[in-house]
Every structure is written in C-alpha cells, then in structure tokens.
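Here the structure comes first, spelled out in structure tokens, and everything after it is commentary.
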Amino acid sequence: MLRRATPEERKIYYLEEWKPEDLPTFITDSLEMREFGFDYDGSGPRDRYNRFTSVADLEVFLRERAPFSVYNSISYYNEPEKRKGWIKAELVFDIDAKEMAIKTCCLEGQVCEECLENAKKISMEITGILRKNLGLKNIFHVYSGRGYHIRVFDDDLMEQGSEVRAEIFEYVRDRVYTPPELIINPPSIISNMMRETIEKLISSGTRNLENIPGIGFKKSRELYERKDEILDDLDSNKITILKEVLGEKLTESFLNYLYKAQIAILDAKVTVDIKRILRLPSSLHSTVSMKCMLIKDLKSFSPFRDAVPRFMKEKS
Ligand SMILES: [Zn+2]
C-alpha cells in the first residue's frame, strides 16, 4: 500500500487537495520567521533558506512546484532566509516508525499498520510524561507520514538551547523505556513499553528470540515455554524467571539489547538540534504517498483512514 507518488500525483495533490486552511495556526502565525526547505526529486531538502511573507505566496509556490517534500524550521529567526537571528525554537520529539527495531509484524525497514500503531502508543506515552511530569501544556501532534512529531510551544522552554533539550530527551526516554540497570537492580517499575516489547517478543514464538545475540535456539525455546511465568513476573516488576532461564549475565545483555533497539525509534538529534527542519503539516510525504498532517485527537487518529490522499483512494 505504501508507495512513492508520481510527479503527476504530486501535482494533483497540491492543485486539488491541499488547502491553506490545513496549515496549523502555529505555522501561519509565525510564517515569516520560519525557514522553508524543499526537496524536488526525493534526494533531500537541497533548496533551503526560503522565506515566505504570506500564506498566499506559499500557496502559489506549492501549487506551481508540487515539491516532493516540504519542510519548515522549528526555529523562529529574524532573518530566516539567512538562518540568522535565532529567536527561539519548538521542542520536538520525532517518532519514526521506520526505525522500529524490535517488531513481529513486518520486515526491517518496512512500515505497516501495527508499526504505526506502536509509534502512536509511544507518542501518547511521551505526551503523558511531558504533561504530567514536566507540566508542559502547549503540545501539538503531527502525523509525519510515517510516524509522529510531537511539537511543544511552551514559552520558557522555546528559548532553551541544546543542553536543556538533551536533558529533557533523556528524562523522557528513560521513562518510556526503563534502562536495564534499573530493571536489574530493583526496586524498580518496568515501563509499559518495555514490558510490552518483552511480552510481544516472548509470545511471538522462538524465531524472533533466536536472532537476539547470545540467546540461541535452546534458550529461546525455554523462554517461550515459560512465557506465562515470565509475564506474570514482569507484571509485578520482577525478572526472577527470566534470570533463571538466561542467567545473570545474559539477562543483562538481553535487556541491554532490548533497550538499545527500542530507543532507536526516538531520534535524539531532532530533539536536541535547535535549527532543525521538519515536514510541513499539510504537505505530502511522497515516498509513502501519505499526508503529513496536524492531528486533532491523537487517541482516535488512524493514519490509514485519515492521512491517505485522495489520489491513493481513487486508485485502490
Ligand atoms: Zn510492521
């Protein structure tokens, strides 16, 4: 279902489907202060340092050029056309479903409905932490075309540099995915995402387990056979049975492997970089022919229902 859009389809999208009203107000309100970047052929956003002073100008440009991809800076500048005079930047989390390393649904490098559902779950976890633990309020969700962007606009935060952003990133990451040392040295609470991954892996049979370094065929069978006990254990934040099967050392490397593989879905660079560009909500993600769009309600959002452009629906 996910395939590259043709130049004709891009043209149809920007002429017949794209509307200025689909641009979020957080873009239109600050349009003049944002840098825009364009990719015309799928080789990356090579056309940078663009500034638009009105939505009408942007509209004319998009309809005429029908770019492969459109990006805007998360930063506000006095001179966006020179990328100078940095004022502030959104805080961003990028959850890319393509980077999901541990999965039992589709092949590596591919993205399916289950991958996207998982990315949504992670986005909801992160949003919960930003709201409850960090007290942030001004949070928007964007479907990126193949994952999710969380964009935060709380005033005092937007002026912070990379160091504070790196701290926030680590804080959030380690609450979404409990670091192995905290699981091994209790008392600790094993995070939902960490527990779910272990559950998914162990319940899916031996094939996925076998490929994990150090596990092998025999241990993977044992894990599968004792899966109910292991999962009961995890529910009470314990790994006693896991340790019984794998031994101390292998348990540690197993959890390390899981942790590292899982956090790959969160791109730290995007959160820390204060001059990043992100896909423009309302634009077309031409590699997969899906719309990048502002989400009104993350919980009820469904990419294959809500983010499929008309030219794809008409063909299927
Ligand atoms: Zn998948």
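In the structure tokens, chains take the letters A, B, ... in the order shown, each chain's residues start at 1, and ligands count up from 1 in the order shown.
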
What's around Leu62 of chain A at 10 Å? Count only C-alpha atoms, leave out sequence neighbours fewer than 6 positions away in its own chain, and write the answer as a ChimeraX atom specification. /A:10-11,13-15,18,38,56,70,283

Can I get the selected residues back with C-alpha atoms, as a short mmCIF file (atom, residue, chain, number, x, y, z; two decimals), in the first residue's frame?
data_model
loop_
_atom_site.label_atom_id
_atom_site.label_comp_id
_atom_site.auth_asym_id
_atom_site.auth_seq_id
_atom_site.Cartn_x
_atom_site.Cartn_y
_atom_site.Cartn_z
CA ARG A 10 2.03 15.38 -6.53
CA LYS A 11 0.64 17.96 -8.92
CA TYR A 13 -2.40 16.72 -4.64
CA TYR A 14 -1.21 20.33 -4.46
CA LEU A 15 -3.68 21.61 -7.05
CA TRP A 18 -4.06 20.84 -0.49
CA PHE A 38 12.19 21.92 -0.40
CA ALA A 56 -0.76 33.27 -0.34
CA VAL A 70 8.26 20.42 2.09
CA SER A 283 2.33 18.57 2.79
#

Could you list, as a list of chain:residue names, all residues that come within 8 Å of ligand 1? Count only C-alpha atoms and all ligand atoms.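 Those within range of ligand 1 are A:Lys103, A:Thr104, A:Cys105, A:Cys106, A:Leu107, A:Gln110, A:Val111, A:Cys112, A:Glu113, A:Glu114, A:Cys115, A:Leu116.
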
Polymer residues at most 7 Å from Glu199 of chain A, only C-alpha atoms, same-chain spacing of 4 or more positions, as number ranges by chain: A: 195, 203, 231

Env of Pro213 of chain A: 12 Å cut, atoms = only C-alpha atoms, seq-sep filter 2 positions within chain, self excluded. Answer as a list in words.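 So, after excluding close chain neighbours, the residues are Asn208, Leu209, Glu210, Asn211, Ile215, Gly216, Phe217, Lys219, Ser220, Leu250, Thr251, Glu252, Ser253, Phe254, Leu255, Asn256, Tyr257 and Leu258 of chain A.
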
DSSP on the backbone, strand (DSSP E) only: what residues of segment 118-176 of chain A does that give? Format it as an NGL selection string. :A and (139-143 or 147-152)

Grab the residues selected above and save them as a compact mmCIF listing (two decimals), in the first residue's frame with C-alpha atoms.
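Once everything was written out, this is out-v7.txt:
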# COMPACT_ATOMS: atom_id res chain seq x y z
CA ILE A 139 1.58 20.41 22.85
CA PHE A 140 0.62 19.54 19.26
CA HIS A 141 0.74 16.24 17.40
CA VAL A 142 1.54 15.88 13.74
CA TYR A 143 1.37 12.73 11.68
CA GLY A 147 5.37 8.30 12.26
CA TYR A 148 4.63 11.13 14.62
CA HIS A 149 6.02 14.53 15.58
CA ILE A 150 5.31 16.00 18.99
CA ARG A 151 5.76 19.77 18.83
CA VAL A 152 5.86 21.76 22.08

Near segment 298-314 of chain A, counting only C-alpha atoms, which residues have an atom at most 7 Å away, once you skip same-chain residues fewer than 5 positions from it, shown as JSON, numbers by chain? {"A": [9, 141, 290, 291]}

Shell of 8 Å around Leu242 of chain A, only C-alpha atoms, local chain residues under 5 positions omitted, as a ChimeraX atom specification: /A:223,230,247,251

May I have the residues from that selection written out with N, CA and C atoms, as an mmCIF file, in the first residue's frame?
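And here is the file that came out, selection21.cif:
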data_model
loop_
_atom_site.group_PDB
_atom_site.id
_atom_site.type_symbol
_atom_site.label_atom_id
_atom_site.label_comp_id
_atom_site.auth_asym_id
_atom_site.auth_seq_id
_atom_site.Cartn_x
_atom_site.Cartn_y
_atom_site.Cartn_z
ATOM 1 N N LEU A 223 12.452 -19.867 26.953
ATOM 2 C CA LEU A 223 11.736 -18.603 27.220
ATOM 3 C C LEU A 223 10.280 -18.720 26.768
ATOM 4 N N ILE A 230 7.027 -15.846 33.060
ATOM 5 C CA ILE A 230 7.850 -14.642 32.876
ATOM 6 C C ILE A 230 6.971 -13.392 32.838
ATOM 7 N N GLY A 247 20.206 -16.703 33.129
ATOM 8 C CA GLY A 247 21.375 -16.416 33.971
ATOM 9 C C GLY A 247 21.583 -14.916 34.065
ATOM 10 N N THR A 251 20.832 -12.183 31.000
ATOM 11 C CA THR A 251 19.676 -11.327 31.276
ATOM 12 C C THR A 251 20.061 -9.875 31.057
#

I'd like to know which residues of segment 67-125 of chain A are helix (DSSP H, G or I) (by DSSP, run on the backbone); could you write them as a PyMOL selection string? chain A and resi 97-99+113-125

Identify which of the residues A:Met33, A:Met193, A:Ile122, A:Leu58 lies closest to Pro20 of chain A, counting only C-alpha atoms when measuring atom-to-atom distances.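 Comparing A:Met33, A:Met193, A:Ile122, A:Leu58 against Pro20 of chain A, the winner is A:Leu58.
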